[in-house]
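Peer 1: Structure in structure tokens, see below.
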Amino acid sequence: MTEQHYTLEDFDYDLPHELIAQTPLKQRDGSRLLELNAETGEVHDRHFYDILDYLNPGDALVMNNSRVLPARLYGERPGTGGHVEVLLLRQDHGDVWETLVKPAKKYPVGQEIVFGDGALKAVVTEELEHGGRMIEFKYDGIFLEILESLGEMPLPPYIKEKLDDKERYQTVYSKVNGSAAAPTAGLHWTPELLQKAADKGVKLVELTLHVGLGTFRPVEEENIEDHKMHSEFYQLSAEAAQTLNDVKANGGRIVATGTTSIRTLETIGSKFNGELREDSGWTDIFIKPGYKWTVVDAFITNFHLPKSTLVMLVAAFTGRENILNAYQHAISEGYRFFSFGDAMYVHK
């Protein structure tokens, strides 16, 4: 059997604009859940609070505990008062951050920026491509506290509505600061639903992957093999790895919440021949059709953008036809799409 080669167009689909969710639902677990059998392509319409029907005692539910930084800052150029938007991507070292600056061309190396009447200052130390800038911040006090008071949540560009409650763009188990975007499949979980899963005998396991904005970067190469994936920092503890290996050894399944958990687990599994170990580092894993899965048995995910690497990741598990058919079903049934949208449960 020859390996199938896909082009970018193979992962396109038409989405009515009104199905892009602009605000989160009042009740996190009240969102809809589309169950997809990856082998048969069969789908069922449920609600997220029904997820417990699909989790068995002895399974592991894996969640990414990364927390989104209020990483969008608005400042000005001293002297001119020119307005600037700075988006924090990742901390490089000390108070030096990799950022995206708009308008970038007005901010060469050495240019100062002032935020919040001078509570936070910065200077550009290096120019990067695509409007990227390395910036060194100067401040008195605790950086994260200043960021909490001055920064806004870096909502994706397709969300036009203002977010009333910052915590609704965080999972209820978020702990480790560092993401530029939320691991959105986890937004559906409530503390009560997680407790019910634990009471049922499901092991709750946390890992960390700091989501970069590269997750929204469009694929531009027609041949998807040529796409260069962004890197994201991940971490899995020895205790979490042991729990997951025990679950596997006892015949349980590893159920990942979101593509970020999948990327972490599969990065480590690929590295250690299917075994999970304590590990941390940067991953640029590109999971697409033809990928050989090593760890993940089932997963929860939201609906992803057309032609995105995340649609390709899901297609690697379900097959391209099955996922696109499931998306067409979701569109015809009026499901809500993307970050604040509904969820899927995908299994074999």
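Chain labels run A, B, ... following the order of the structure tokens; each chain numbers its residues from 1, and ligands are numbered from 1 in the order shown.
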At most 12 Å is the cut-off: for each residue in segment 131-244 of chain A with any atom that close to an atom of segment 36-50 of chain A, write down the nearest atom pair and the distance in Å rounded to one decimal, counting only C-alpha atoms, chain first then increasing number, as JSON lines.

Peer 2:
```
{"residue": "A:Ala185", "atom": "CA", "partner": "A:Phe48", "partner_atom": "CA", "distance": 10.7}
{"residue": "A:Gly186", "atom": "CA", "partner": "A:Phe48", "partner_atom": "CA", "distance": 11.0}
{"residue": "A:Leu187", "atom": "CA", "partner": "A:Phe48", "partner_atom": "CA", "distance": 10.7}
{"residue": "A:His188", "atom": "CA", "partner": "A:Phe48", "partner_atom": "CA", "distance": 7.0}
{"residue": "A:Trp189", "atom": "CA", "partner": "A:Phe48", "partner_atom": "CA", "distance": 8.3}
{"residue": "A:Thr190", "atom": "CA", "partner": "A:Tyr49", "partner_atom": "CA", "distance": 9.3}
{"residue": "A:Pro191", "atom": "CA", "partner": "A:Tyr49", "partner_atom": "CA", "distance": 11.9}
{"residue": "A:Glu192", "atom": "CA", "partner": "A:Tyr49", "partner_atom": "CA", "distance": 10.1}
{"residue": "A:Leu193", "atom": "CA", "partner": "A:Tyr49", "partner_atom": "CA", "distance": 7.2}
{"residue": "A:Leu194", "atom": "CA", "partner": "A:Tyr49", "partner_atom": "CA", "distance": 10.2}
{"residue": "A:Lys196", "atom": "CA", "partner": "A:Tyr49", "partner_atom": "CA", "distance": 10.3}
{"residue": "A:Ala197", "atom": "CA", "partner": "A:Tyr49", "partner_atom": "CA", "distance": 10.6}
```

Peer 1: Please return as a count of residues only: the residues of segment 42-110 of chain A that backbone DSSP assigns to strand (DSSP E).

Peer 2: 36

Peer 1: Neighbouring residues of Gly151 of chain A were defined as those with any atom within 7 Å, considering only C-alpha atoms; residues of the same chain fewer than 2 positions away were excluded. Please report them as a list in words.

Peer 2: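 Surrounding residues, per the criterion: Pro70, Ala71, Arg72, Leu73, Leu147, Glu148, Ser149 and Met153 of chain A.
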
Peer 1: List the neighbours of Thr125 of chain A out to 6 Å using only C-alpha atoms; skip same-chain residues closer than 6 positions along the sequence, and give me the result as a list in words.

Peer 2: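 So, after excluding close chain neighbours, the residues are Val109, Met134 and Ile135 of chain A.
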
Peer 1: Those residues with all heavy atoms, as an mmCIF file, in the first residue's frame please?

Peer 2:
```cif
data_model
loop_
_atom_site.group_PDB
_atom_site.id
_atom_site.type_symbol
_atom_site.label_atom_id
_atom_site.label_comp_id
_atom_site.auth_asym_id
_atom_site.auth_seq_id
_atom_site.Cartn_x
_atom_site.Cartn_y
_atom_site.Cartn_z
ATOM 1 N N VAL A 109 15.898 48.330 17.094
ATOM 2 C CA VAL A 109 16.726 48.081 18.279
ATOM 3 C C VAL A 109 17.033 49.412 18.979
ATOM 4 O O VAL A 109 17.353 50.409 18.331
ATOM 5 C CB VAL A 109 18.040 47.364 17.882
ATOM 6 C CG1 VAL A 109 19.001 47.295 19.057
ATOM 7 C CG2 VAL A 109 17.733 45.951 17.374
ATOM 8 N N MET A 134 12.796 41.025 20.270
ATOM 9 C CA MET A 134 13.229 40.692 21.628
ATOM 10 C C MET A 134 13.174 41.992 22.421
ATOM 11 O O MET A 134 13.686 43.027 21.967
ATOM 12 C CB MET A 134 14.643 40.116 21.642
ATOM 13 C CG MET A 134 14.801 38.831 20.861
ATOM 14 S SD MET A 134 13.723 37.465 21.355
ATOM 15 C CE MET A 134 14.490 36.982 22.900
ATOM 16 N N ILE A 135 12.554 41.934 23.576
ATOM 17 C CA ILE A 135 12.339 43.129 24.392
ATOM 18 C C ILE A 135 12.795 42.857 25.817
ATOM 19 O O ILE A 135 12.503 41.784 26.371
ATOM 20 C CB ILE A 135 10.838 43.520 24.371
ATOM 21 C CG1 ILE A 135 10.518 44.251 23.063
ATOM 22 C CG2 ILE A 135 10.440 44.354 25.561
ATOM 23 C CD1 ILE A 135 9.088 44.684 22.950
#
```

Peer 1: For segment 317-331 of chain A, please output as an NGL selection string all residues within 10 Å (counting only C-alpha atoms; exclusion window: fewer than 5 positions along the same chain).

Peer 2: :A and (6 or 10-16 or 19 or 32-45 or 287-293 or 296-299 or 303-304 or 306 or 311-312 or 336-337 or 342 or 344 or 346-348)

Peer 1: Would you write out, as a tab-separated table, a table of all residues in segment 130-198 of chain A that have an atom no more than 9 Å from an atom of segment 84-97 of chain A, listing for each the closest atom pair and the distance in Å to one decimal, considering only C-alpha atoms and ordering rows by chain and rising residue number?

Peer 2:
```
residue	atom	partner	partner_atom	distance
A:Arg133	CA	A:Trp97	CA	8.3
A:Met134	CA	A:Trp97	CA	5.6
A:Ile135	CA	A:Trp97	CA	5.4
A:Glu136	CA	A:Val96	CA	4.3
A:Phe137	CA	A:Asp95	CA	5.4
A:Lys138	CA	A:Asp95	CA	7.5
A:Phe143	CA	A:Asp95	CA	8.7
A:Pro154	CA	A:Leu87	CA	7.5
A:Gly178	CA	A:Arg90	CA	7.1
A:Ser179	CA	A:Leu89	CA	7.8
A:Ala180	CA	A:Leu89	CA	5.9
```

Peer 1: With distances taken over only C-alpha atoms, which residue among A:Lys162, A:Arg28, A:Lys307, A:Lys228 lies nearest Ala343 of chain A?

Peer 2: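 Smallest separation from Ala343 of chain A among the options: A:Arg28.
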
Peer 1: Looking at A:Ala181, A:Ala315, A:Leu150, A:Ile142, which one is nearest to His210 of chain A, with distances taken over only C-alpha atoms?

Peer 2: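 Smallest distance to His210 of chain A is found for A:Ala181.
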
Peer 1: Going by DSSP on the backbone, which residues of segment 223-273 of chain A come out as alpha helix (DSSP H)? List them as a ChimeraX atom specification.

Peer 2: /A:238-249,258-271

Peer 1: Write to file, as an mmCIF file, in the first residue's frame, the residues of the selection just made, with N, CA, C and O atoms.

Peer 2:
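Result file is part_25.cif:
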```cif
data_model
loop_
_atom_site.group_PDB
_atom_site.id
_atom_site.type_symbol
_atom_site.label_atom_id
_atom_site.label_comp_id
_atom_site.auth_asym_id
_atom_site.auth_seq_id
_atom_site.Cartn_x
_atom_site.Cartn_y
_atom_site.Cartn_z
ATOM 1 N N ALA A 238 7.987 12.736 36.931
ATOM 2 C CA ALA A 238 8.248 11.304 37.103
ATOM 3 C C ALA A 238 6.990 10.601 37.623
ATOM 4 O O ALA A 238 6.646 9.498 37.192
ATOM 5 N N GLU A 239 6.292 11.271 38.549
ATOM 6 C CA GLU A 239 5.082 10.684 39.136
ATOM 7 C C GLU A 239 3.990 10.503 38.083
ATOM 8 O O GLU A 239 3.346 9.449 38.005
ATOM 9 N N ALA A 240 3.803 11.524 37.222
ATOM 10 C CA ALA A 240 2.793 11.439 36.155
ATOM 11 C C ALA A 240 3.155 10.329 35.171
ATOM 12 O O ALA A 240 2.281 9.549 34.762
ATOM 13 N N ALA A 241 4.435 10.254 34.808
ATOM 14 C CA ALA A 241 4.882 9.220 33.863
ATOM 15 C C ALA A 241 4.620 7.824 34.429
ATOM 16 O O ALA A 241 4.121 6.935 33.722
ATOM 17 N N GLN A 242 4.920 7.641 35.716
ATOM 18 C CA GLN A 242 4.712 6.352 36.376
ATOM 19 C C GLN A 242 3.231 5.965 36.375
ATOM 20 O O GLN A 242 2.861 4.829 36.055
ATOM 21 N N THR A 243 2.376 6.929 36.713
ATOM 22 C CA THR A 243 0.928 6.680 36.726
ATOM 23 C C THR A 243 0.445 6.229 35.351
ATOM 24 O O THR A 243 -0.315 5.263 35.220
ATOM 25 N N LEU A 244 0.898 6.927 34.310
ATOM 26 C CA LEU A 244 0.461 6.603 32.946
ATOM 27 C C LEU A 244 0.981 5.238 32.498
ATOM 28 O O LEU A 244 0.250 4.464 31.862
ATOM 29 N N ASN A 245 2.222 4.930 32.825
ATOM 30 C CA ASN A 245 2.767 3.599 32.478
ATOM 31 C C ASN A 245 1.995 2.491 33.195
ATOM 32 O O ASN A 245 1.707 1.441 32.615
ATOM 33 N N ASP A 246 1.618 2.752 34.459
ATOM 34 C CA ASP A 246 0.840 1.766 35.221
ATOM 35 C C ASP A 246 -0.540 1.558 34.596
ATOM 36 O O ASP A 246 -1.033 0.433 34.507
ATOM 37 N N VAL A 247 -1.162 2.663 34.185
ATOM 38 C CA VAL A 247 -2.481 2.580 33.542
ATOM 39 C C VAL A 247 -2.395 1.703 32.296
ATOM 40 O O VAL A 247 -3.212 0.805 32.080
ATOM 41 N N LYS A 248 -1.377 1.960 31.464
ATOM 42 C CA LYS A 248 -1.174 1.161 30.241
ATOM 43 C C LYS A 248 -0.967 -0.320 30.585
ATOM 44 O O LYS A 248 -1.564 -1.204 29.965
ATOM 45 N N ALA A 249 -0.101 -0.558 31.579
ATOM 46 C CA ALA A 249 0.241 -1.936 31.960
ATOM 47 C C ALA A 249 -0.982 -2.694 32.463
ATOM 48 O O ALA A 249 -1.102 -3.911 32.277
ATOM 49 N N GLY A 258 -7.139 17.582 24.753
ATOM 50 C CA GLY A 258 -6.573 18.598 23.867
ATOM 51 C C GLY A 258 -5.326 18.187 23.114
ATOM 52 O O GLY A 258 -4.591 17.268 23.487
ATOM 53 N N THR A 259 -5.083 18.911 22.025
ATOM 54 C CA THR A 259 -3.944 18.629 21.158
ATOM 55 C C THR A 259 -2.617 18.924 21.850
ATOM 56 O O THR A 259 -1.602 18.324 21.514
ATOM 57 N N THR A 260 -2.616 19.817 22.855
ATOM 58 C CA THR A 260 -1.349 20.119 23.555
ATOM 59 C C THR A 260 -0.917 18.929 24.409
ATOM 60 O O THR A 260 0.261 18.598 24.470
ATOM 61 N N SER A 261 -1.896 18.277 25.059
ATOM 62 C CA SER A 261 -1.571 17.059 25.822
ATOM 63 C C SER A 261 -1.101 15.962 24.879
ATOM 64 O O SER A 261 -0.152 15.227 25.178
ATOM 65 N N ILE A 262 -1.766 15.859 23.715
ATOM 66 C CA ILE A 262 -1.370 14.859 22.718
ATOM 67 C C ILE A 262 0.074 15.092 22.278
ATOM 68 O O ILE A 262 0.887 14.153 22.222
ATOM 69 N N ARG A 263 0.400 16.349 21.956
ATOM 70 C CA ARG A 263 1.749 16.665 21.472
ATOM 71 C C ARG A 263 2.813 16.287 22.510
ATOM 72 O O ARG A 263 3.872 15.745 22.164
ATOM 73 N N THR A 264 2.523 16.551 23.771
ATOM 74 C CA THR A 264 3.475 16.235 24.838
ATOM 75 C C THR A 264 3.649 14.722 24.977
ATOM 76 O O THR A 264 4.769 14.208 24.996
ATOM 77 N N LEU A 265 2.538 14.014 25.091
ATOM 78 C CA LEU A 265 2.596 12.560 25.294
ATOM 79 C C LEU A 265 3.261 11.858 24.121
ATOM 80 O O LEU A 265 4.094 10.957 24.310
ATOM 81 N N GLU A 266 2.912 12.261 22.909
ATOM 82 C CA GLU A 266 3.474 11.602 21.734
ATOM 83 C C GLU A 266 4.949 11.974 21.518
ATOM 84 O O GLU A 266 5.727 11.159 21.025
ATOM 85 N N THR A 267 5.327 13.189 21.912
ATOM 86 C CA THR A 267 6.750 13.574 21.843
ATOM 87 C C THR A 267 7.583 12.649 22.724
ATOM 88 O O THR A 267 8.611 12.110 22.301
ATOM 89 N N ILE A 268 7.111 12.445 23.958
ATOM 90 C CA ILE A 268 7.873 11.622 24.912
ATOM 91 C C ILE A 268 7.791 10.149 24.518
ATOM 92 O O ILE A 268 8.788 9.421 24.549
ATOM 93 N N GLY A 269 6.587 9.707 24.112
ATOM 94 C CA GLY A 269 6.423 8.314 23.695
ATOM 95 C C GLY A 269 7.282 7.959 22.500
ATOM 96 O O GLY A 269 7.876 6.874 22.434
ATOM 97 N N SER A 270 7.388 8.889 21.540
ATOM 98 C CA SER A 270 8.224 8.652 20.348
ATOM 99 C C SER A 270 9.693 8.549 20.736
ATOM 100 O O SER A 270 10.472 7.817 20.127
ATOM 101 N N LYS A 271 10.061 9.324 21.751
ATOM 102 C CA LYS A 271 11.464 9.390 22.188
ATOM 103 C C LYS A 271 11.896 8.107 22.907
ATOM 104 O O LYS A 271 13.033 7.675 22.797
#
```

Peer 1: Counting only C-alpha atoms, figure out which residue out of A:Pro24, A:Gly214, A:Gly201, A:Pro108 gets nearest to Thr184 of chain A.

Peer 2: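 Between A:Pro24, A:Gly214, A:Gly201, A:Pro108, the residue approaching Thr184 of chain A most closely is A:Pro24.
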
Peer 1: Need the shell around Ala21 of chain A: protein/DNA/RNA residues with any atom at most 10 Å away, counting only C-alpha atoms. Skip same-chain ones fewer than 3 positions apart. Format as a list in words?

Peer 2: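 Counting only the stated atoms, we get His17, Glu18, Pro24, Leu25, Tyr158, Ile159, Lys160, Glu161, Tyr335, Arg336, Phe337, Phe338, Ser339, Phe340, Gly341 and Asp342 of chain A.
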